[in-house]
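J.: The structure follows.
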Amino acid sequence: MLEVLGLDSGTEAVYRLMLTHPGWGVDRLAGALDTDRHTVVRADWCRPGPVWAPC
């Protein structure tokens with residue numbers, strides 16, 4: 001769904017989980033997604049906003 005904004009499905013999954021569980025930290029998000037910290041941090045860094053951070 002968010003591919004229109006230039007986000008891949010993995011990044012979208014991180015965003016959706018962050019919205020569902022805003023109090024979770026990086027480690028818990030990574031565990032729930034069965035991925036590593038780097039993937040979660042990269043998704044957060046690449047978020048759209050006033051300043052787009054290229055990935």
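Chains: A, B, ... in order of the structure tokens. Residues: from 1 per chain. Ligands: from 1, in order shown.
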I want to know what sits within 8 Å of stretch 15-26 of chain A, based on only C-alpha atoms, with residues of the same chain fewer than 5 positions away left out; could you give that as a PyMOL selection string?
T.: chain A and resi 37+40-41+43-44
J.: Produce a file of the selected residues containing all heavy atoms, as an mmCIF file, in the first residue's frame.
T.:
```cif
data_model
loop_
_atom_site.group_PDB
_atom_site.id
_atom_site.type_symbol
_atom_site.label_atom_id
_atom_site.label_comp_id
_atom_site.auth_asym_id
_atom_site.auth_seq_id
_atom_site.Cartn_x
_atom_site.Cartn_y
_atom_site.Cartn_z
ATOM 1 N N ARG A 37 17.655 -5.493 14.539
ATOM 2 C CA ARG A 37 17.538 -4.079 14.923
ATOM 3 C C ARG A 37 17.801 -3.157 13.741
ATOM 4 O O ARG A 37 17.135 -2.152 13.578
ATOM 5 C CB ARG A 37 18.554 -3.738 16.025
ATOM 6 C CG ARG A 37 18.250 -4.276 17.374
ATOM 7 C CD ARG A 37 19.330 -3.879 18.380
ATOM 8 N NE ARG A 37 19.544 -2.437 18.397
ATOM 9 C CZ ARG A 37 18.902 -1.579 19.192
ATOM 10 N NH1 ARG A 37 18.009 -2.022 20.042
ATOM 11 N NH2 ARG A 37 19.156 -0.291 19.139
ATOM 12 N N VAL A 40 14.790 -2.409 11.565
ATOM 13 C CA VAL A 40 13.815 -1.514 12.201
ATOM 14 C C VAL A 40 14.342 -0.084 12.216
ATOM 15 O O VAL A 40 13.625 0.860 11.862
ATOM 16 C CB VAL A 40 13.471 -1.988 13.625
ATOM 17 C CG1 VAL A 40 12.579 -0.976 14.339
ATOM 18 C CG2 VAL A 40 12.810 -3.360 13.592
ATOM 19 N N VAL A 41 15.587 0.095 12.584
ATOM 20 C CA VAL A 41 16.171 1.440 12.640
ATOM 21 C C VAL A 41 16.219 2.049 11.244
ATOM 22 O O VAL A 41 15.915 3.227 11.060
ATOM 23 C CB VAL A 41 17.572 1.403 13.279
ATOM 24 C CG1 VAL A 41 18.273 2.738 13.149
ATOM 25 C CG2 VAL A 41 17.460 0.995 14.738
ATOM 26 N N ALA A 43 14.241 1.444 8.747
ATOM 27 C CA ALA A 43 12.877 1.814 8.354
ATOM 28 C C ALA A 43 12.481 3.135 8.988
ATOM 29 O O ALA A 43 11.861 3.982 8.349
ATOM 30 C CB ALA A 43 11.895 0.720 8.760
ATOM 31 N N ASP A 44 12.853 3.343 10.243
ATOM 32 C CA ASP A 44 12.512 4.590 10.926
ATOM 33 C C ASP A 44 13.291 5.750 10.321
ATOM 34 O O ASP A 44 12.775 6.845 10.161
ATOM 35 C CB ASP A 44 12.790 4.478 12.421
ATOM 36 C CG ASP A 44 12.278 5.680 13.179
ATOM 37 O OD1 ASP A 44 11.138 6.102 12.917
ATOM 38 O OD2 ASP A 44 13.017 6.216 14.013
#
```
J.: Could you tell me how far atom CA of A:Thr11 sits from atom CA of A:Arg42, in Å to one decimal place?
T.: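 That distance, rounded to one decimal, is 8.3 Å.
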J.: Measure the distance from atom CA of A:Ala30 to atom CA of A:Gly6 in Å and round it to one decimal.
T.: 21.5 Å
